[in-house]
file input_9.txt (compact mmCIF, C-alpha atoms and all ligand atoms)
# COMPACT_ATOMS: atom_id res chain seq x y z
CA MET M 1496 172.49 150.14 137.74
CA TYR M 1497 171.95 149.90 133.95
CA ALA M 1498 170.98 152.50 131.39
CA PRO M 1499 167.17 152.40 131.06
CA PRO M 1500 167.18 150.71 127.59
CA VAL M 1501 169.44 147.92 128.88
CA GLN M 1502 167.28 147.48 131.96
CA ARG M 1503 164.21 147.28 129.73
CA LEU M 1504 165.79 144.52 127.62
CA ILE M 1505 166.77 142.54 130.74
CA THR M 1506 163.24 142.90 132.14
CA GLU M 1507 161.64 141.69 128.88
CA LEU M 1508 164.02 138.73 128.56
CA SER M 1509 163.45 137.69 132.17
CA ARG M 1510 159.72 137.30 131.41
CA LEU M 1511 160.50 134.37 129.09
CA PRO M 1512 159.83 130.91 130.56
CA GLY M 1513 162.90 129.31 132.10
CA VAL M 1514 164.91 132.55 131.96
CA GLY M 1515 165.90 133.89 135.34
CA GLY M 1516 167.45 137.25 136.13
CA ARG M 1517 171.05 136.12 135.62
CA THR M 1518 170.32 134.46 132.26
CA ALA M 1519 168.39 137.54 131.14
CA GLN M 1520 171.40 139.67 131.98
CA ARG M 1521 173.75 137.33 130.09
CA LEU M 1522 171.47 137.33 127.01
CA ALA M 1523 171.15 141.12 127.12
CA PHE M 1524 174.93 141.56 127.18
CA HIS M 1525 175.26 139.07 124.35
CA LEU M 1526 172.82 141.12 122.26
CA LEU M 1527 174.73 144.30 123.09
CA ARG M 1528 177.95 142.66 121.91
CA VAL M 1529 176.81 141.20 118.55
CA ASN M 1530 176.46 143.40 115.49
CA GLU M 1531 173.26 145.30 114.80
CA GLU M 1532 172.16 143.01 111.96
CA GLU M 1533 172.33 139.90 114.10
CA ALA M 1534 170.49 141.47 117.04
CA LEU M 1535 167.76 142.94 114.85
CA ALA M 1536 167.22 139.56 113.11
CA LEU M 1537 165.86 138.32 116.45
CA ALA M 1538 163.64 141.38 116.84
CA ASP M 1539 162.34 140.90 113.26
CA ALA M 1540 161.65 137.19 113.80
CA ILE M 1541 159.55 138.03 116.87
CA ARG M 1542 157.67 140.76 115.02
CA GLU M 1543 157.01 138.53 111.98
CA VAL M 1544 155.71 135.61 114.02
CA LYS M 1545 153.33 137.88 115.95
CA GLN M 1546 152.08 139.58 112.78
CA ARG M 1547 151.74 136.54 110.52
CA ILE M 1548 150.79 133.64 112.76
CA GLY M 1549 147.25 133.35 114.07
CA LEU M 1550 144.90 130.54 115.02
CA CYS M 1551 143.26 128.17 112.52
CA GLU M 1552 139.55 129.00 112.19
CA VAL M 1553 138.65 125.29 112.37
CA CYS M 1554 140.95 123.66 114.93
CA PHE M 1555 142.74 126.61 116.67
CA ASN M 1556 146.18 125.25 115.83
CA LEU M 1557 148.76 127.86 114.78
CA ALA M 1558 148.25 128.94 111.19
CA ASP M 1559 149.74 131.50 108.78
CA GLY M 1560 146.40 131.87 107.00
CA PRO M 1561 142.74 131.19 107.85
CA ARG M 1562 143.38 127.43 108.10
CA CYS M 1563 146.33 125.44 109.38
CA ARG M 1564 148.32 123.06 107.17
CA ILE M 1565 146.52 120.01 108.60
CA CYS M 1566 142.96 121.32 108.12
CA ALA M 1567 143.91 122.37 104.58
CA ASP M 1568 145.20 118.85 103.78
CA GLU M 1569 142.46 116.87 102.02
CA ARG M 1570 144.22 113.58 102.76
CA ARG M 1571 143.72 113.97 106.52
CA ASP M 1572 140.70 112.03 107.83
CA PRO M 1573 138.04 114.59 108.83
CA GLU M 1574 136.06 111.97 110.79
CA LEU M 1575 138.81 111.55 113.37
CA ILE M 1576 139.58 114.45 115.73
CA CYS M 1577 142.42 114.46 118.25
CA VAL M 1578 141.86 116.93 121.11
CA VAL M 1579 145.00 118.48 122.61
CA GLU M 1580 145.76 121.31 125.03
CA GLU M 1581 148.34 123.34 123.08
CA PRO M 1582 149.67 123.76 119.52
CA SER M 1583 152.98 122.25 120.71
CA ASP M 1584 151.07 118.99 121.40
CA VAL M 1585 150.07 118.84 117.72
CA ILE M 1586 153.79 118.83 116.86
CA SER M 1587 154.45 116.02 119.38
CA ILE M 1588 151.71 113.82 117.92
CA GLU M 1589 152.66 114.61 114.31
CA ARG M 1590 156.20 113.40 115.09
CA THR M 1591 154.86 109.91 115.84
CA HIS M 1592 153.44 109.58 112.27
CA GLU M 1593 150.66 107.46 113.84
CA PHE M 1594 147.79 109.87 113.43
CA ARG M 1595 146.08 110.64 110.12
CA GLY M 1596 143.08 112.60 111.41
CA ARG M 1597 142.60 116.25 112.29
CA TYR M 1598 143.09 118.14 115.55
CA HIS M 1599 141.26 120.40 117.94
CA VAL M 1600 143.41 122.66 120.15
CA LEU M 1601 141.70 123.67 123.40
CA GLY M 1602 144.13 126.42 124.38
CA GLY M 1603 144.80 124.95 127.84
CA ALA M 1604 143.21 122.66 130.43
CA LEU M 1605 140.39 123.11 132.91
CA SER M 1606 141.64 124.44 136.24
CA PRO M 1607 138.91 126.10 138.33
CA ILE M 1608 141.51 127.00 140.97
CA ASP M 1609 143.30 129.18 138.37
CA GLY M 1610 140.00 130.50 137.04
CA ILE M 1611 140.12 128.42 133.83
CA ASP M 1612 136.55 127.27 133.16
CA PRO M 1613 135.04 125.50 130.12
CA GLU M 1614 134.16 128.81 128.46
CA ASP M 1615 137.82 129.88 128.57
CA LEU M 1616 138.77 126.94 126.32
CA LYS M 1617 137.65 126.00 122.78
CA ILE M 1618 135.26 123.37 124.14
CA ALA M 1619 132.00 124.76 122.70
CA GLU M 1620 133.78 124.94 119.32
CA LEU M 1621 134.67 121.24 119.62
CA TYR M 1622 131.05 120.32 120.34
CA ALA M 1623 129.99 122.38 117.32
CA ARG M 1624 132.40 120.43 115.09
CA VAL M 1625 131.13 117.12 116.47
CA ALA M 1626 127.49 118.22 116.08
CA GLU M 1627 128.03 118.81 112.36
CA GLY M 1628 127.75 115.04 112.11
CA ALA M 1629 130.86 114.12 110.11
CA VAL M 1630 132.90 112.89 113.09
CA ARG M 1631 133.41 109.19 113.91
CA GLU M 1632 135.85 109.35 116.80
CA VAL M 1633 137.20 111.94 119.23
CA VAL M 1634 140.62 111.00 120.63
CA ILE M 1635 141.31 112.92 123.83
CA ALA M 1636 145.05 113.58 124.12
CA THR M 1637 145.17 116.08 126.96
CA ASN M 1638 148.18 115.79 129.27
CA PRO M 1639 148.24 112.98 131.88
CA THR M 1640 148.16 115.61 134.65
CA THR M 1641 145.38 116.43 137.15
CA THR M 1642 144.05 119.27 135.00
CA GLY M 1643 144.47 117.26 131.78
CA GLU M 1644 142.53 114.32 133.23
CA ALA M 1645 139.74 116.59 134.51
CA THR M 1646 139.51 118.15 131.06
CA ALA M 1647 139.37 114.70 129.41
CA LEU M 1648 136.48 113.62 131.67
CA HIS M 1649 134.60 116.84 131.06
CA ILE M 1650 134.93 116.53 127.28
CA ALA M 1651 134.11 112.81 127.20
CA GLU M 1652 130.90 113.56 129.09
CA GLY M 1653 130.06 116.50 126.85
CA VAL M 1654 130.64 114.65 123.57
CA ARG M 1655 128.57 111.70 124.82
CA THR M 1656 125.70 114.04 125.64
CA GLN M 1657 125.92 115.96 122.36
CA ALA M 1658 126.61 113.06 120.01
CA PRO M 1659 126.05 109.59 121.54
CA ASP M 1660 127.13 107.84 118.30
CA VAL M 1661 130.62 109.32 118.32
CA ALA M 1662 133.32 107.10 119.89
CA VAL M 1663 135.37 108.86 122.57
CA THR M 1664 138.84 107.46 123.30
CA ARG M 1665 141.76 108.44 125.51
CA LEU M 1666 145.47 107.77 124.96
CA ALA M 1667 146.56 104.48 126.52
CA SER M 1668 148.56 104.51 129.73
CA GLY M 1669 152.32 104.30 129.49
CA LEU M 1670 152.73 108.03 129.27
CA PRO M 1671 154.63 109.40 132.25
CA VAL M 1672 151.97 110.51 134.75
CA GLY M 1673 152.10 114.17 135.64
CA ALA M 1674 154.29 115.07 132.66
CA ASP M 1675 153.33 117.06 129.60
CA LEU M 1676 152.80 115.39 126.24
CA GLU M 1677 155.59 117.40 124.67
CA TYR M 1678 158.17 115.62 126.86
CA ALA M 1679 157.06 112.11 125.82
CA ASP M 1680 159.28 110.41 123.26
CA GLU M 1681 157.81 109.55 119.85
CA LEU M 1682 157.73 105.80 120.44
CA THR M 1683 155.86 106.05 123.77
CA LEU M 1684 153.42 108.59 122.39
CA GLY M 1685 152.91 106.54 119.22
CA ARG M 1686 152.11 103.45 121.28
CA ALA M 1687 149.75 105.39 123.54
CA LEU M 1688 147.94 106.61 120.45
CA ALA M 1689 147.74 103.16 118.83
CA GLY M 1690 146.48 101.63 122.10
CA ARG M 1691 143.87 104.26 122.87
CA ARG M 1692 140.83 103.04 124.78
CA ALA M 1693 137.21 104.06 125.03
CA VAL M 1694 136.23 106.37 127.91
ZN ZN A 1701 143.34 123.62 111.65
call {"tool": "encode", "arguments": {"input": "input_9.txt", "output": "structure tokens"}}
result
Amino acid sequence: MYAPPVQRLITELSRLPGVGGRTAQRLAFHLLRVNEEEALALADAIREVKQRIGLCEVCFNLADGPRCRICADERRDPELICVVEEPSDVISIERTHEFRGRYHVLGGALSPIDGIDPEDLKIAELYARVAEGAVREVVIATNPTTTGEATALHIAEGVRTQAPDVAVTRLASGLPVGADLEYADELTLGRALAGRRAV
């Protein structure tokens, strides 16, 4: 139906989350209509982000160097680590301005049914950070979903075994159950963080 290059663009666009076939087609025709400079700016932005952005060597947040902005910031409390599933969760928590510690990004949540086991996440790396001895509290801020809760329990147990002196806390209830952290508003998330409880 389309020339192969157009079909290729539609196929690639339709792989994006939330973009169905019809939207992909509309976006493709938009890109065909705009001038070359505008269309290639999008291609360049994608290329640049893939070439320049990697994972922080300490916390696995997104970083444009070996360490992310937060790990490189001396004013952030290194004794307090907030464990989240994805880099987008770091943004959500930063927006609350309630947290002055550092982060640890797992890269997902445990889900044996989908084949996601502890070794597929940055869990061993978290234990290694805790075992270095400079950590006072681990705040578990995985999503209030089934997989997020299972991950929280697993990590709480693991940290307790590895470092019994480290406090392990979980965000207070009040977050919408079953929803992802990134959809919680700043006030709710800020309150959940302030009211975190031991697990
Ligand atoms: Zn970092």
call {"tool": "residues_around", "arguments": {"input": "input_9.txt", "residues": "stretch 1652-1668 of chain M", "least_positions_apart": "3", "cutoff": "9 Å", "atoms": "only C-alpha atoms", "output": "list in words"}}
result
Leu1621, Tyr1622, Val1625, Ala1626, Gly1628, Val1630, Arg1631, Glu1632, Val1633, Val1634, Ile1635, Ala1636, Thr1637, Pro1639, Ala1647, Leu1648, His1649, Pro1671, Val1672, Leu1684, Arg1686, Ala1687, Leu1688, Ala1689, Gly1690, Arg1691, Arg1692, Ala1693 and Val1694 of chain M
call {"tool": "closest_residue", "arguments": {"input": "input_9.txt", "among": "M:Cys1563, M:Leu1557, M:Leu1616, M:Val1578", "to": "ligand ZN 1701 (chain A)", "atoms": "only C-alpha atoms and all ligand atoms"}}
result
M:Cys1563
call {"tool": "residues_near_ligand", "arguments": {"input": "input_9.txt", "ligand": "ligand ZN 1701 (chain A)", "cutoff": "6 Å", "atoms": "all atoms listed in the file", "output": "PDB file with C-alpha atoms, in the frame of the given file"}}
result
ATOM      1  CA  CYS M1551     143.260 128.170 112.520  1.00  0.00           C
ATOM      2  CA  VAL M1553     138.650 125.290 112.370  1.00  0.00           C
ATOM      3  CA  CYS M1554     140.950 123.660 114.930  1.00  0.00           C
ATOM      4  CA  PHE M1555     142.740 126.610 116.670  1.00  0.00           C
ATOM      5  CA  ASN M1556     146.180 125.250 115.830  1.00  0.00           C
ATOM      6  CA  ARG M1562     143.380 127.430 108.100  1.00  0.00           C
ATOM      7  CA  CYS M1563     146.330 125.440 109.380  1.00  0.00           C
ATOM      8  CA  ILE M1565     146.520 120.010 108.600  1.00  0.00           C
ATOM      9  CA  CYS M1566     142.960 121.320 108.120  1.00  0.00           C
TER      10      CYS M1566
END
call {"tool": "residues_near_point", "arguments": {"input": "input_9.txt", "point": "(148.5, 133.3, 109.9)", "cutoff": "6 Å", "atoms": "all atoms listed in the file", "output": "ChimeraX atom specification"}}
result
/M:1547-1549,1558-1560
call {"tool": "residues_around", "arguments": {"input": "input_9.txt", "residues": "stretch 1517-1524 of chain M", "least_positions_apart": "5", "cutoff": "6 Å", "atoms": "only C-alpha atoms", "output": "compact mmCIF listing (two decimals) with C-alpha atoms, in the coordinates of the input"}}
result
# COMPACT_ATOMS: atom_id res chain seq x y z
CA ILE M 1505 166.77 142.54 130.74
CA LEU M 1508 164.02 138.73 128.56
CA SER M 1509 163.45 137.69 132.17
call {"tool": "closest_residue", "arguments": {"input": "input_9.txt", "among": "M:Gly1603, M:Gly1515, M:Pro1582, M:Pro1499", "to": "M:Ala1645", "atoms": "all atoms listed in the file"}}
result
M:Gly1603
call {"tool": "atom_distance", "arguments": {"input": "input_9.txt", "atom1": "atom CA of M:Leu1676", "atom2": "atom CA of M:Asn1638"}}
result
5.5 Å
call {"tool": "atom_distance", "arguments": {"input": "input_9.txt", "atom1": "atom CA of M:Ser1606", "atom2": "atom CA of M:Thr1591"}}
result
28.3 Å
call {"tool": "residues_around", "arguments": {"input": "input_9.txt", "residues": "stretch 1568-1571 of chain M", "least_positions_apart": "3", "cutoff": "8 Å", "atoms": "all atoms listed in the file", "output": "ChimeraX atom specification"}}
result
/M:1564-1565,1595-1597
call {"tool": "closest_residue", "arguments": {"input": "input_9.txt", "among": "M:Pro1613, M:Ala1679, M:Tyr1598, M:Ser1587", "to": "M:Ala1567", "atoms": "only C-alpha atoms"}}
result
M:Tyr1598
call {"tool": "atom_distance", "arguments": {"input": "input_9.txt", "atom1": "atom CA of M:Leu1605", "atom2": "atom CA of M:Val1579"}}
result
12.2 Å
call {"tool": "closest_residue", "arguments": {"input": "input_9.txt", "among": "M:Glu1614, M:Glu1580, M:Glu1507, M:Glu1552", "to": "M:Glu1644", "atoms": "all atoms listed in the file"}}
result
M:Glu1580
call {"tool": "closest_residue", "arguments": {"input": "input_9.txt", "among": "M:Asp1609, M:Glu1589, M:Glu1533, M:Glu1574", "to": "M:Glu1627", "atoms": "all atoms listed in the file"}}
result
M:Glu1574
call {"tool": "residues_around", "arguments": {"input": "input_9.txt", "residues": "M:Ala1534", "least_positions_apart": "4", "cutoff": "12 Å", "atoms": "all atoms listed in the file", "output": "list in words"}}
result
Leu1504, Leu1522, Ala1523, Phe1524, His1525, Leu1526, Leu1527, Arg1528, Val1529, Asn1530, Ala1538, Asp1539, Ala1540 and Ile1541 of chain M
call {"tool": "build_atoms", "arguments": {"input": "input_9.txt", "residues": "stretch 1628-1639 of chain M", "atoms": "N, CA and C atoms", "output": "mmCIF file, keeping the file's coordinate frame"}}
result
data_model
loop_
_atom_site.group_PDB
_atom_site.id
_atom_site.type_symbol
_atom_site.label_atom_id
_atom_site.label_comp_id
_atom_site.auth_asym_id
_atom_site.auth_seq_id
_atom_site.Cartn_x
_atom_site.Cartn_y
_atom_site.Cartn_z
ATOM 1 N N GLY M 1628 128.149 116.385 112.503
ATOM 2 C CA GLY M 1628 127.750 115.040 112.110
ATOM 3 C C GLY M 1628 128.752 114.243 111.300
ATOM 4 N N ALA M 1629 129.898 114.832 110.953
ATOM 5 C CA ALA M 1629 130.860 114.120 110.110
ATOM 6 C C ALA M 1629 131.987 113.476 110.921
ATOM 7 N N VAL M 1630 131.823 113.411 112.252
ATOM 8 C CA VAL M 1630 132.900 112.890 113.090
ATOM 9 C C VAL M 1630 132.571 111.485 113.592
ATOM 10 N N ARG M 1631 133.566 110.585 113.507
ATOM 11 C CA ARG M 1631 133.410 109.190 113.910
ATOM 12 C C ARG M 1631 133.997 108.948 115.294
ATOM 13 N N GLU M 1632 135.150 109.580 115.542
ATOM 14 C CA GLU M 1632 135.850 109.350 116.800
ATOM 15 C C GLU M 1632 136.555 110.619 117.282
ATOM 16 N N VAL M 1633 136.463 110.847 118.597
ATOM 17 C CA VAL M 1633 137.200 111.940 119.230
ATOM 18 C C VAL M 1633 138.243 111.297 120.139
ATOM 19 N N VAL M 1634 139.515 111.534 119.823
ATOM 20 C CA VAL M 1634 140.620 111.000 120.630
ATOM 21 C C VAL M 1634 141.070 112.099 121.578
ATOM 22 N N ILE M 1635 140.930 111.874 122.882
ATOM 23 C CA ILE M 1635 141.310 112.920 123.830
ATOM 24 C C ILE M 1635 142.771 112.719 124.244
ATOM 25 N N ALA M 1636 143.611 113.674 123.857
ATOM 26 C CA ALA M 1636 145.050 113.580 124.120
ATOM 27 C C ALA M 1636 145.522 114.747 124.983
ATOM 28 N N THR M 1637 144.712 115.066 126.009
ATOM 29 C CA THR M 1637 145.170 116.080 126.960
ATOM 30 C C THR M 1637 146.273 115.461 127.808
ATOM 31 N N ASN M 1638 147.045 116.299 128.494
ATOM 32 C CA ASN M 1638 148.180 115.790 129.270
ATOM 33 C C ASN M 1638 147.743 114.871 130.404
ATOM 34 N N PRO M 1639 148.583 113.864 130.756
ATOM 35 C CA PRO M 1639 148.240 112.980 131.880
ATOM 36 C C PRO M 1639 148.514 113.649 133.240
#
